[in-house]
$ cat work_39.cif   # mmCIF, C-alpha atoms
data_run
loop_
_atom_site.label_atom_id
_atom_site.label_comp_id
_atom_site.auth_asym_id
_atom_site.auth_seq_id
_atom_site.Cartn_x
_atom_site.Cartn_y
_atom_site.Cartn_z
CA MET A 8 0.26 -28.53 16.37
CA ALA A 9 1.27 -27.77 12.76
CA GLY A 10 4.92 -27.39 13.67
CA GLN A 11 7.56 -25.27 15.37
CA HIS A 12 10.03 -22.89 13.78
CA GLU A 13 12.72 -20.53 14.97
CA VAL A 14 11.20 -17.63 12.99
CA VAL A 15 7.58 -17.51 11.84
CA ILE A 16 6.49 -14.75 9.46
CA ILE A 17 2.79 -13.98 9.01
CA GLY A 18 2.18 -12.70 5.48
CA GLY A 19 3.74 -13.61 2.15
CA GLY A 20 3.62 -10.22 0.46
CA ASN A 21 6.54 -7.89 -0.15
CA ALA A 22 7.36 -7.66 3.56
CA GLY A 23 7.21 -11.37 4.34
CA VAL A 24 9.04 -12.69 1.30
CA SER A 25 11.82 -10.10 1.24
CA LEU A 26 12.39 -10.48 4.98
CA ALA A 27 12.47 -14.28 4.78
CA ALA A 28 15.04 -14.09 1.99
CA ARG A 29 17.18 -11.64 3.94
CA LEU A 30 17.04 -13.75 7.11
CA GLU A 31 18.15 -16.78 5.11
CA ARG A 32 21.08 -14.77 3.78
CA TYR A 33 21.95 -13.76 7.35
CA GLY A 34 22.15 -17.38 8.44
CA VAL A 35 18.72 -17.98 9.99
CA LYS A 36 17.90 -21.45 8.71
CA ASP A 37 14.52 -22.32 10.22
CA VAL A 38 12.11 -19.74 8.77
CA ALA A 39 8.42 -20.39 8.06
CA LEU A 40 6.13 -18.15 6.00
CA ILE A 41 2.37 -18.23 6.56
CA GLU A 42 0.51 -17.23 3.38
CA PRO A 43 -2.74 -18.70 1.99
CA LYS A 44 -2.67 -17.24 -1.54
CA ASP A 45 -1.07 -19.09 -4.43
CA HIS A 46 -0.10 -15.91 -6.29
CA HIS A 47 2.04 -12.90 -5.42
CA LEU A 48 1.30 -9.37 -6.64
CA TYR A 49 3.48 -6.32 -7.31
CA GLN A 50 1.05 -3.66 -6.23
CA PRO A 51 2.83 -0.51 -7.53
CA LEU A 52 1.94 -1.63 -11.06
CA PHE A 53 -1.80 -1.55 -10.31
CA SER A 54 -1.87 2.21 -11.00
CA HIS A 55 -0.15 1.69 -14.34
CA ILE A 56 -2.62 -1.05 -15.23
CA ALA A 57 -5.55 1.25 -14.38
CA GLY A 58 -3.92 3.99 -16.45
CA GLY A 59 -3.31 1.82 -19.51
CA ARG A 60 0.47 1.76 -19.13
CA ALA A 61 0.98 -1.85 -17.99
CA SER A 62 -0.62 -5.24 -18.48
CA ALA A 63 -2.01 -7.25 -15.60
CA LYS A 64 0.31 -10.18 -16.25
CA GLU A 65 3.34 -8.01 -15.43
CA ALA A 66 2.17 -7.65 -11.82
CA VAL A 67 1.71 -11.31 -10.86
CA ARG A 68 3.88 -14.37 -10.13
CA THR A 69 3.13 -17.64 -8.38
CA GLN A 70 3.73 -17.58 -4.64
CA GLU A 71 5.82 -20.71 -4.96
CA SER A 72 8.19 -19.00 -7.41
CA VAL A 73 8.91 -16.08 -5.05
CA THR A 74 9.17 -18.05 -1.81
CA PRO A 75 12.91 -18.32 -0.98
CA ASN A 76 14.59 -21.70 -1.13
CA GLY A 77 14.86 -23.21 2.34
CA VAL A 78 11.86 -21.32 3.72
CA THR A 79 8.89 -23.43 4.83
CA TRP A 80 5.70 -22.18 3.16
CA ILE A 81 2.65 -22.80 5.34
CA ARG A 82 -0.29 -22.48 2.94
CA ASP A 83 -2.91 -21.25 5.36
CA SER A 84 -4.15 -18.07 7.04
CA ALA A 85 -3.23 -16.86 10.51
CA VAL A 86 -6.33 -16.19 12.61
CA ASP A 87 -4.85 -15.57 16.07
CA VAL A 88 -1.60 -15.05 17.97
CA ASP A 89 -0.99 -16.02 21.59
CA ALA A 90 2.11 -14.01 22.41
CA ASN A 91 2.36 -15.52 25.90
CA ALA A 92 2.34 -19.08 24.56
CA ASN A 93 4.44 -18.16 21.47
CA THR A 94 1.94 -19.70 19.06
CA VAL A 95 0.04 -18.74 15.92
CA THR A 96 -3.35 -20.31 15.27
CA LEU A 97 -4.17 -21.16 11.65
CA ALA A 98 -7.54 -21.16 9.91
CA ASN A 99 -7.52 -24.96 9.88
CA GLY A 100 -7.42 -24.97 13.69
CA SER A 101 -3.81 -26.08 14.13
CA THR A 102 -1.09 -24.00 15.78
CA VAL A 103 2.47 -23.10 14.88
CA ALA A 104 5.00 -22.44 17.65
CA TYR A 105 7.71 -19.84 17.18
CA GLY A 106 10.91 -18.59 18.71
CA GLN A 107 10.59 -15.22 16.97
CA LEU A 108 7.43 -13.92 15.29
CA VAL A 109 7.20 -11.28 12.55
CA VAL A 110 3.73 -9.91 11.82
CA CYS A 111 3.26 -8.44 8.34
CA PRO A 112 -0.14 -9.50 6.96
CA GLY A 113 -0.80 -6.18 5.21
CA LEU A 114 -4.06 -4.28 5.39
CA GLN A 115 -7.66 -5.29 4.78
CA TYR A 116 -10.05 -3.28 2.62
CA ASP A 117 -13.07 -2.10 4.60
CA TRP A 118 -15.50 -1.80 1.69
CA ASP A 119 -18.54 -1.87 3.98
CA ALA A 120 -17.36 1.24 5.83
CA VAL A 121 -18.79 3.30 2.95
CA PRO A 122 -22.39 2.25 2.20
CA GLY A 123 -22.83 1.25 -1.43
CA LEU A 124 -19.11 1.35 -2.28
CA ALA A 125 -18.62 -2.38 -2.81
CA GLU A 126 -21.62 -2.50 -5.13
CA ALA A 127 -20.44 0.61 -6.96
CA VAL A 128 -16.96 -0.65 -7.87
CA HIS A 129 -18.47 -3.85 -9.26
CA SER A 130 -21.13 -1.98 -11.23
CA PRO A 131 -20.77 -1.01 -14.92
CA HIS A 132 -19.57 2.50 -14.01
CA GLY A 133 -17.20 1.85 -11.09
CA ALA A 134 -13.82 0.32 -10.35
CA SER A 135 -10.91 0.43 -7.92
CA HIS A 136 -7.30 -0.01 -8.95
CA TYR A 137 -6.47 -1.11 -5.40
CA GLU A 138 -7.98 -4.49 -6.34
CA PHE A 139 -5.91 -6.44 -8.86
CA GLU A 140 -9.02 -7.87 -10.53
CA LEU A 141 -10.55 -4.40 -10.97
CA ALA A 142 -7.50 -2.49 -12.22
CA PRO A 143 -7.95 -3.52 -15.89
CA LYS A 144 -11.62 -2.59 -15.64
CA ALA A 145 -10.62 0.88 -14.44
CA TRP A 146 -8.68 1.45 -17.65
CA THR A 147 -11.53 0.12 -19.78
CA LEU A 148 -13.88 2.64 -18.19
CA LEU A 149 -11.46 5.57 -18.23
CA SER A 150 -10.23 5.05 -21.79
CA GLY A 151 -13.81 4.68 -23.02
CA LEU A 152 -14.97 7.96 -21.52
CA THR A 153 -15.32 10.79 -24.05
CA SER A 154 -17.52 13.14 -22.01
CA GLY A 155 -19.12 13.37 -18.59
CA THR A 156 -17.76 13.23 -15.04
CA ALA A 157 -14.95 11.09 -13.64
CA VAL A 158 -14.61 10.97 -9.85
CA PHE A 159 -11.52 9.71 -8.00
CA THR A 160 -11.64 9.26 -4.22
CA MET A 161 -9.19 8.65 -1.40
CA PRO A 162 -10.25 7.75 2.17
CA ALA A 163 -8.93 9.21 5.40
CA GLY A 164 -6.74 7.13 7.67
CA PRO A 165 -3.78 4.84 7.00
CA ILE A 166 -3.82 3.27 3.54
CA LYS A 167 -1.37 1.61 1.19
CA CYS A 168 0.63 4.31 -0.61
CA GLY A 169 -1.79 7.21 -0.26
CA GLY A 170 -0.52 8.92 -3.38
CA ALA A 171 -1.47 5.90 -5.48
CA SER A 172 -5.10 7.00 -5.31
CA GLN A 173 -4.25 9.86 -7.69
CA LYS A 174 -2.02 8.12 -10.21
CA PRO A 175 -4.65 6.70 -12.64
CA MET A 176 -6.30 10.12 -12.66
CA TYR A 177 -3.22 11.83 -14.11
CA LEU A 178 -2.64 9.01 -16.58
CA ALA A 179 -6.26 9.24 -17.73
CA CYS A 180 -6.14 13.03 -18.03
CA ASP A 181 -3.05 12.87 -20.21
CA TYR A 182 -4.75 10.23 -22.37
CA TRP A 183 -7.93 12.31 -22.67
CA GLN A 184 -5.77 15.29 -23.60
CA GLU A 185 -4.13 13.24 -26.36
CA GLN A 186 -7.56 12.17 -27.60
CA GLY A 187 -8.85 15.75 -27.61
CA VAL A 188 -11.68 15.10 -25.15
CA LEU A 189 -10.27 16.38 -21.85
CA ASP A 190 -12.22 19.63 -22.13
CA LYS A 191 -15.45 17.59 -22.30
CA ILE A 192 -14.71 15.66 -19.08
CA ARG A 193 -15.18 16.97 -15.56
CA VAL A 194 -12.49 15.42 -13.36
CA VAL A 195 -12.97 15.51 -9.58
CA MET A 196 -10.43 14.33 -7.00
CA VAL A 197 -11.81 13.85 -3.46
CA GLN A 198 -8.98 14.27 -0.94
CA PRO A 199 -9.54 14.08 2.85
CA TYR A 200 -6.58 16.30 3.74
CA PRO A 201 -5.96 20.07 3.44
CA THR A 202 -3.58 19.72 0.47
CA VAL A 203 -3.13 17.32 -2.42
CA PHE A 204 -0.41 15.32 -0.65
CA GLY A 205 1.21 16.98 2.35
CA VAL A 206 4.81 17.64 1.33
CA PRO A 207 4.93 21.34 0.29
CA GLU A 208 7.47 20.84 -2.50
CA VAL A 209 5.45 17.94 -3.92
CA ASP A 210 2.16 19.81 -3.47
CA ARG A 211 3.41 22.66 -5.64
CA GLU A 212 4.34 20.31 -8.47
CA LEU A 213 1.09 18.35 -8.26
CA ASP A 214 -0.97 21.55 -8.04
CA ARG A 215 0.67 22.65 -11.29
CA LYS A 216 -0.40 19.41 -13.02
CA ILE A 217 -3.89 19.65 -11.51
CA ALA A 218 -4.26 23.15 -12.97
CA GLU A 219 -2.84 21.99 -16.32
CA TYR A 220 -5.46 19.23 -16.60
CA GLY A 221 -8.30 21.32 -15.15
CA ILE A 222 -8.93 18.89 -12.30
CA GLU A 223 -11.29 19.92 -9.50
CA LEU A 224 -9.50 19.14 -6.22
CA TRP A 225 -11.93 18.77 -3.32
CA THR A 226 -9.77 18.95 -0.17
CA ASN A 227 -10.94 18.17 3.37
CA SER A 228 -13.60 15.95 1.78
CA GLU A 229 -14.47 12.27 1.86
CA LEU A 230 -16.80 9.80 0.20
CA VAL A 231 -19.52 8.77 2.66
CA SER A 232 -21.89 6.73 0.50
CA VAL A 233 -22.56 5.70 -3.10
CA ASP A 234 -25.74 4.98 -5.04
CA ALA A 235 -24.48 2.61 -7.72
CA ALA A 236 -27.79 2.43 -9.58
CA GLY A 237 -28.11 6.21 -9.67
CA GLN A 238 -24.37 6.74 -10.28
CA THR A 239 -24.22 9.20 -7.41
CA ALA A 240 -21.35 9.75 -4.97
CA ASN A 241 -22.16 11.51 -1.71
CA ILE A 242 -19.25 13.66 -0.55
CA ARG A 243 -18.97 15.19 2.92
CA ASN A 244 -16.88 18.22 3.77
CA ILE A 245 -14.96 17.16 6.87
CA GLU A 246 -14.69 20.71 8.23
CA THR A 247 -18.30 21.84 7.79
CA GLY A 248 -20.14 18.51 7.76
CA GLU A 249 -22.05 19.56 4.66
CA GLN A 250 -22.76 16.90 2.03
CA GLU A 251 -23.01 17.16 -1.73
CA SER A 252 -24.27 14.56 -4.19
CA LEU A 253 -22.13 14.22 -7.28
CA HIS A 254 -23.28 12.34 -10.39
CA TYR A 255 -20.51 10.33 -12.05
CA ASP A 256 -20.02 8.53 -15.31
CA VAL A 257 -16.91 6.78 -13.97
CA LEU A 258 -16.00 6.30 -10.32
CA ASN A 259 -12.56 5.04 -9.29
CA ALA A 260 -12.58 4.67 -5.51
CA VAL A 261 -10.02 3.66 -2.91
CA PRO A 262 -11.57 1.82 0.07
CA PRO A 263 -10.94 2.66 3.73
CA GLN A 264 -8.31 0.33 5.18
CA SER A 265 -7.24 -1.12 8.51
CA ALA A 266 -5.30 -4.01 9.98
CA PRO A 267 -6.98 -7.44 9.57
CA ASP A 268 -9.86 -8.09 11.97
CA TRP A 269 -8.15 -11.12 13.50
CA LEU A 270 -5.11 -8.97 14.35
CA LYS A 271 -7.30 -6.32 16.00
CA ALA A 272 -8.66 -9.03 18.30
CA THR A 273 -5.20 -10.01 19.61
CA ASP A 274 -3.26 -8.15 22.29
CA LEU A 275 -0.54 -7.12 19.83
CA PRO A 276 -2.00 -3.67 19.04
CA ALA A 277 -1.64 -0.86 21.56
CA ALA A 278 -4.56 -0.38 23.93
CA GLY A 279 -7.18 1.80 22.29
CA ASP A 280 -5.76 1.45 18.76
CA LYS A 281 -8.94 0.89 16.76
CA GLY A 282 -6.91 0.43 13.57
CA GLY A 283 -5.40 -2.74 15.01
CA PHE A 284 -1.77 -1.99 14.16
CA VAL A 285 0.98 -3.92 15.93
CA GLU A 286 2.55 -1.91 18.74
CA VAL A 287 6.24 -1.68 17.89
CA ASP A 288 9.13 0.63 18.57
CA ARG A 289 9.00 2.73 15.40
CA GLN A 290 12.79 2.65 15.02
CA THR A 291 13.77 -0.93 15.93
CA LEU A 292 10.42 -2.48 14.83
CA ARG A 293 10.39 -4.72 17.91
CA HIS A 294 7.18 -5.09 19.89
CA ILE A 295 6.96 -2.82 22.91
CA ARG A 296 5.72 -5.57 25.26
CA TYR A 297 6.82 -8.84 23.64
CA PRO A 298 10.56 -8.91 22.85
CA ASN A 299 10.29 -11.89 20.46
CA VAL A 300 7.55 -10.27 18.35
CA TRP A 301 8.26 -7.88 15.48
CA ALA A 302 6.26 -6.13 12.78
CA LEU A 303 6.91 -4.19 9.59
CA GLY A 304 5.00 -2.98 6.60
CA ASP A 305 1.38 -1.89 6.45
CA ALA A 306 0.19 -3.58 9.67
CA ALA A 307 2.99 -2.18 11.85
CA GLY A 308 2.16 0.67 14.20
CA THR A 309 4.74 3.03 12.74
CA THR A 310 4.19 6.67 11.83
CA ASN A 311 5.55 6.60 8.28
CA SER A 312 3.51 6.68 5.09
CA LYS A 313 2.95 3.05 4.11
CA SER A 314 4.76 2.17 0.88
CA GLY A 315 7.08 -0.33 -0.74
CA GLY A 316 9.91 2.16 -0.39
CA SER A 317 9.45 2.41 3.37
CA LEU A 318 9.19 -1.36 3.56
CA ARG A 319 12.54 -1.85 1.82
CA LYS A 320 14.23 0.24 4.53
CA GLN A 321 12.31 -1.52 7.32
CA THR A 322 13.23 -4.99 6.08
CA LYS A 323 16.95 -4.34 6.42
CA VAL A 324 16.53 -2.85 9.90
CA LEU A 325 14.30 -5.62 11.22
CA ALA A 326 16.41 -8.44 9.79
CA LYS A 327 19.61 -7.10 11.37
CA ASN A 328 17.89 -6.43 14.69
CA LEU A 329 16.22 -9.84 14.82
CA VAL A 330 19.54 -11.57 14.19
CA ALA A 331 21.14 -9.44 16.92
CA ALA A 332 18.33 -10.21 19.36
CA ARG A 333 18.74 -13.96 18.82
CA LYS A 334 22.39 -13.57 19.85
CA GLY A 335 21.54 -11.45 22.88
CA LYS A 336 23.14 -8.38 21.35
CA PRO A 337 21.77 -4.79 21.39
CA LEU A 338 19.58 -3.56 18.56
CA THR A 339 21.74 -1.06 16.66
CA ARG A 340 19.70 -0.61 13.48
CA LYS A 341 17.12 2.19 13.37
CA TYR A 342 14.39 2.86 10.81
CA ASN A 343 14.36 6.59 10.02
CA GLY A 344 10.76 6.97 8.82
CA TYR A 345 11.65 7.14 5.11
CA SER A 346 8.93 6.65 2.51
CA VAL A 347 8.53 7.29 -1.19
CA CYS A 348 5.68 7.81 -3.64
CA PRO A 349 6.24 8.11 -7.41
CA PHE A 350 3.32 10.12 -8.87
CA THR A 351 2.68 9.25 -12.52
CA VAL A 352 1.61 12.75 -13.56
CA SER A 353 1.58 11.99 -17.30
CA ARG A 354 2.01 8.96 -19.52
CA ASP A 355 5.79 9.36 -19.50
CA THR A 356 6.70 11.55 -16.51
CA VAL A 357 6.79 11.09 -12.74
CA VAL A 358 6.97 13.34 -9.69
CA PHE A 359 9.14 11.37 -7.27
CA ALA A 360 8.25 12.17 -3.65
CA GLU A 361 10.73 11.02 -1.00
CA PHE A 362 9.93 12.09 2.56
CA ASP A 363 10.10 11.12 6.24
CA ASP A 364 7.35 10.35 8.75
CA ARG A 365 6.85 14.08 9.34
CA TYR A 366 6.37 14.69 5.62
CA ARG A 367 9.69 16.49 5.25
CA PRO A 368 11.64 15.91 2.02
CA MET A 369 14.19 13.09 2.34
CA PRO A 370 15.77 12.63 -1.11
CA THR A 371 18.02 9.61 -1.56
CA ILE A 372 20.59 11.88 -3.20
CA PRO A 373 20.96 14.88 -0.84
CA ARG A 374 19.95 18.27 -2.22
CA VAL A 375 18.58 16.72 -5.44
CA PRO A 376 14.91 17.81 -5.87
CA THR A 377 13.44 14.50 -7.06
CA TRP A 378 9.95 16.02 -6.75
CA ASN A 379 10.38 17.85 -10.07
CA GLU A 380 8.43 16.25 -12.94
CA SER A 381 10.86 14.03 -14.84
CA LYS A 382 10.97 11.50 -17.67
CA LEU A 383 13.95 9.83 -16.02
CA SER A 384 11.85 9.22 -12.91
CA TRP A 385 9.27 7.53 -15.16
CA VAL A 386 11.89 5.10 -16.42
CA VAL A 387 12.94 4.36 -12.84
CA ASP A 388 9.37 3.81 -11.63
CA ARG A 389 7.86 2.00 -14.60
CA ASP A 390 10.78 0.04 -16.02
CA MET A 391 13.47 -0.36 -13.37
CA PHE A 392 11.52 -0.81 -10.14
CA PRO A 393 9.52 -3.90 -11.26
CA GLN A 394 12.74 -5.63 -12.28
CA ILE A 395 14.43 -4.64 -9.02
CA TYR A 396 11.41 -5.96 -7.13
CA TRP A 397 11.23 -9.39 -8.73
CA ASN A 398 14.97 -9.97 -9.05
CA LEU A 399 16.51 -8.23 -6.02
CA ILE A 400 14.05 -7.11 -3.33
CA LEU A 401 12.19 -10.42 -3.08
CA LYS A 402 15.55 -12.17 -2.92
CA GLY A 403 16.67 -10.04 0.03
CA ARG A 404 19.33 -8.23 -1.99
CA ALA A 405 18.00 -4.67 -2.26
#
$ encode --input "work_39.cif" --output "C-alpha cells"
Amino acid sequence: MAGQHEVVIIGGGNAGVSLAARLERYGVKDVALIEPKDHHLYQPLFSHIAGGRASAKEAVRTQESVTPNGVTWIRDSAVDVDANANTVTLANGSTVAYGQLVVCPGLQYDWDAVPGLAEAVHSPHGASHYEFELAPKAWTLLSGLTSGTAVFTMPAGPIKCGGASQKPMYLACDYWQEQGVLDKIRVVMVQPYPTVFGVPEVDRELDRKIAEYGIELWTNSELVSVDAAGQTANIRNIETGEQESLHYDVLNAVPPQSAPDWLKATDLPAAGDKGGFVEVDRQTLRHIRYPNVWALGDAAGTTNSKSGGSLRKQTKVLAKNLVAARKGKPLTRKYNGYSVCPFTVSRDTVVFAEFDDRYRPMPTIPRVPTWNESKLSWVVDRDMFPQIYWNLILKGRA
C-alpha cells in the first residue's frame, strides 16, 4: 500500500489543486493529491494562444509550484477505485487508502472516435487548440492563411467549455480583416446543435459577429471523418444523415470527449452512463451511493456546462460539504448550476456568457447584460482572470 490519507483527490488540475488548497484552509490537514504530470496548465488561455493573443509560456507552471503547502503530492496516475474497500489503485500497482475521496481527473480526448482526426491535427494543415502543444501551431496556420478555406469543428456531447471551440475562429477573422484578406477566406463553423451556443441572448450577439465576418455556420452538423492527405473533412447533417465533403486549407478541430476509460470501468458512474461520469447529487456533489466519495469538475455527472467558472462555484460547495460530512453535520451548501463562457469575438472584445444548467442567463451582477460585446470584458478575461487563477483560485481564495 502506498499510504493512507484522510482526503485523497484524484487529479491535479484546476479542480484538484484549488480544492486541496481550500480544504487546507478549512483545517483538513491530511490531504493527498494524485497527479502524474509535472506541469500545470491554465486552459482558458489556449484559445488566446491559438488566436495569436497570448504566448504559450503564460499558460504553464510546474505542478510542484501550484501544489499547496502541506498537501502530499502522489506523482502517479489513478487506474481504479474500489469504493467498498476505500482504496485507489495507482499505475505502479500500489494502493492508497482514503477516508474521503474526491474524483476530478478531467476528461480524456477521444481522437479515435473520428477516423483520421488524430492524423489530421498533426498534419501540415491541421491543429487543435484543445491540446497545449498544438495551440501555437493553430496560430501559425491561421495567421499564415491569405486565401482558401478554414474549417472549425465542435463535437456533440459533453466537452470542456463548449464555447471555446469558436474563440480562435473569431480572433482569426478579426486578424484576417485587419490584413485585408478576410474576403478571400471561406470560414466554416461546424456546430452540432441547433444554434451557435444555446443561450438566446448570447446567440443573438454571436450571430451578429458571425454575419459581420461572413462566417458560414453549419448547425446540427458534426465532423465524422477526415482525410488528412486529401485535406478533406466529411461533415454529416445530424437531422438528415446526409454527408458533405469539405476541402480545407486549415482545419482546427475539437475532439470528442468523455471521462477517462479507467473511471468508466469502476462502479462510480451511474448504471448505463456510457460517458463514465461520476454519479453525484448535482447540488451537494456527493456520490449518490457512496457517502465518502465526491466529484466535481469535468468528470462529475452534473448537468452544467463544463467550465472553469462552474468549477470555481463547485469547489466552494464541495469543500464546505466535505468538512461538514466529516463532522457528521448536514450538507447545507448547494451548487446552483452556474457556468460561464467568455467568447473572444474580436482581438479586443468579449461576449461574456453567464448561464445556469438550463442555459438561462445568470449574470453575476443581476440585470446587467454581460452578453453584450465589450472591451471591458476582454480585460477581465485576458488580463485579470489569469492572474486571479494563479494567485487566488489555485490557493483556495477565490
$ residues_around --input "work_39.cif" --residues "Asp364 of chain A" --least-positions-apart "5" --cutoff "7 Å" --atoms "all atoms listed in the file" --output "count of residues only"
5
$ atom_distance --input "work_39.cif" --atom1 "atom CA of Gln11 of chain A" --atom2 "atom CA of Lys36 of chain A"
12.9 Å
$ closest_residue --input "work_39.cif" --among "A:Lys216, A:Arg193, A:His129, A:Lys174" --to "Ser154 of chain A" --atoms "only C-alpha atoms"
A:Arg193
$ closest_residue --input "work_39.cif" --among "A:Pro262, A:Gly187, A:Gly221, A:Gly151" --to "Asp117 of chain A" --atoms "all atoms listed in the file"
A:Pro262
$ atom_distance --input "work_39.cif" --atom1 "atom CA of Thr74 of chain A" --atom2 "atom CA of Thr339 of chain A"
28.1 Å
$ residues_around --input "work_39.cif" --residues "Ser84 of chain A" --least-positions-apart "6" --cutoff "8 Å" --atoms "only C-alpha atoms" --output "PDB file with C-alpha atoms, keeping the file's coordinate frame"
ATOM      1  CA  ILE A  41       2.370 -18.230   6.560  1.00  0.00           C
ATOM      2  CA  GLU A  42       0.510 -17.230   3.380  1.00  0.00           C
ATOM      3  CA  PRO A  43      -2.740 -18.700   1.990  1.00  0.00           C
ATOM      4  CA  LEU A  97      -4.170 -21.160  11.650  1.00  0.00           C
ATOM      5  CA  ALA A  98      -7.540 -21.160   9.910  1.00  0.00           C
TER       6      ALA A  98
END
$ closest_residue --input "work_39.cif" --among "A:Ser172, A:Gln184, A:Gln238, A:Thr273" --to "Arg354 of chain A" --atoms "all atoms listed in the file"
A:Gln184
$ closest_residue --input "work_39.cif" --among "A:Thr160, A:Gln264, A:Asn241, A:Asn93" --to "Val109 of chain A" --atoms "all atoms listed in the file"
A:Asn93
$ closest_residue --input "work_39.cif" --among "A:Val257, A:Gly164, A:Gly403, A:Leu178" --to "Pro75 of chain A" --atoms "all atoms listed in the file"
A:Gly403
$ atom_distance --input "work_39.cif" --atom1 "atom CA of Lys167 of chain A" --atom2 "atom CA of Phe392 of chain A"
17.3 Å
$ closest_residue --input "work_39.cif" --among "A:Leu338, A:Val231, A:Ala266, A:Val88" --to "Ser101 of chain A" --atoms "all atoms listed in the file"
A:Val88
$ resolve_selection --input "work_39.cif" --expression "the PyMOL selection byres ((chain A and resi 394-401) around 12)" --output "ChimeraX atom specification"
/A:19-31,47-52,65-70,72-76,315-316,318-320,322-323,386-393,402-405
$ resolve_selection --input "work_39.cif" --expression "the PyMOL selection byres ((chain A and resi 149) around 10)" --output "list of chain:residue names"
A:Ala57, A:Gly58, A:Gly59, A:His132, A:Gly133, A:Ala134, A:Lys144, A:Ala145, A:Trp146, A:Thr147, A:Leu148, A:Ser150, A:Gly151, A:Leu152, A:Thr153, A:Ala157, A:Pro175, A:Met176, A:Leu178, A:Ala179, A:Cys180, A:Tyr182, A:Trp183, A:Asp256, A:Val257, A:Leu258, A:Asn259
$ decode --input "work_39.cif" --residues "segment 272-291 of chain A" --atoms "N, CA and C atoms" --output "compact mmCIF listing (two decimals), in the first residue's frame"
# COMPACT_ATOMS: atom_id res chain seq x y z
N ALA A 272 -14.74 2.17 -16.08
CA ALA A 272 -14.72 0.76 -15.68
C ALA A 272 -15.01 0.55 -14.20
N THR A 273 -15.07 1.62 -13.41
CA THR A 273 -15.40 1.50 -11.99
C THR A 273 -16.92 1.50 -11.82
N ASP A 274 -17.37 1.37 -10.58
CA ASP A 274 -18.82 1.44 -10.34
C ASP A 274 -19.23 2.82 -9.83
N LEU A 275 -18.38 3.83 -10.08
CA LEU A 275 -18.72 5.19 -9.66
C LEU A 275 -19.71 5.88 -10.60
N PRO A 276 -19.68 5.62 -11.92
CA PRO A 276 -20.69 6.20 -12.79
C PRO A 276 -22.06 5.55 -12.55
N ALA A 277 -23.11 6.25 -12.96
CA ALA A 277 -24.45 5.68 -12.89
C ALA A 277 -24.57 4.54 -13.89
N ALA A 278 -25.41 3.59 -13.59
CA ALA A 278 -25.63 2.46 -14.48
C ALA A 278 -26.12 2.96 -15.84
N GLY A 279 -25.46 2.51 -16.89
CA GLY A 279 -25.88 2.91 -18.23
C GLY A 279 -25.27 4.20 -18.73
N ASP A 280 -24.46 4.87 -17.89
CA ASP A 280 -23.82 6.12 -18.33
C ASP A 280 -22.58 5.78 -19.14
N LYS A 281 -22.70 5.82 -20.45
CA LYS A 281 -21.58 5.47 -21.33
C LYS A 281 -20.47 6.50 -21.28
N GLY A 282 -20.79 7.73 -20.85
CA GLY A 282 -19.76 8.76 -20.75
C GLY A 282 -18.84 8.55 -19.59
N GLY A 283 -19.27 7.76 -18.60
CA GLY A 283 -18.40 7.42 -17.47
C GLY A 283 -18.32 8.47 -16.39
N PHE A 284 -19.28 9.37 -16.31
CA PHE A 284 -19.22 10.45 -15.33
C PHE A 284 -19.67 9.98 -13.95
N VAL A 285 -19.01 10.51 -12.92
CA VAL A 285 -19.27 10.08 -11.54
C VAL A 285 -20.68 10.48 -11.13
N GLU A 286 -21.41 9.54 -10.58
CA GLU A 286 -22.81 9.77 -10.20
C GLU A 286 -22.86 10.53 -8.87
N VAL A 287 -23.15 11.81 -8.96
CA VAL A 287 -23.22 12.64 -7.76
C VAL A 287 -24.55 13.38 -7.70
N ASP A 288 -24.91 13.80 -6.50
CA ASP A 288 -26.00 14.74 -6.35
C ASP A 288 -25.54 16.05 -6.98
N ARG A 289 -26.28 16.57 -7.94
CA ARG A 289 -25.79 17.72 -8.71
C ARG A 289 -25.72 19.00 -7.89
N GLN A 290 -26.32 19.00 -6.70
CA GLN A 290 -26.24 20.19 -5.85
C GLN A 290 -25.18 20.07 -4.76
N THR A 291 -25.13 18.93 -4.07
CA THR A 291 -24.15 18.77 -2.99
C THR A 291 -22.83 18.23 -3.48
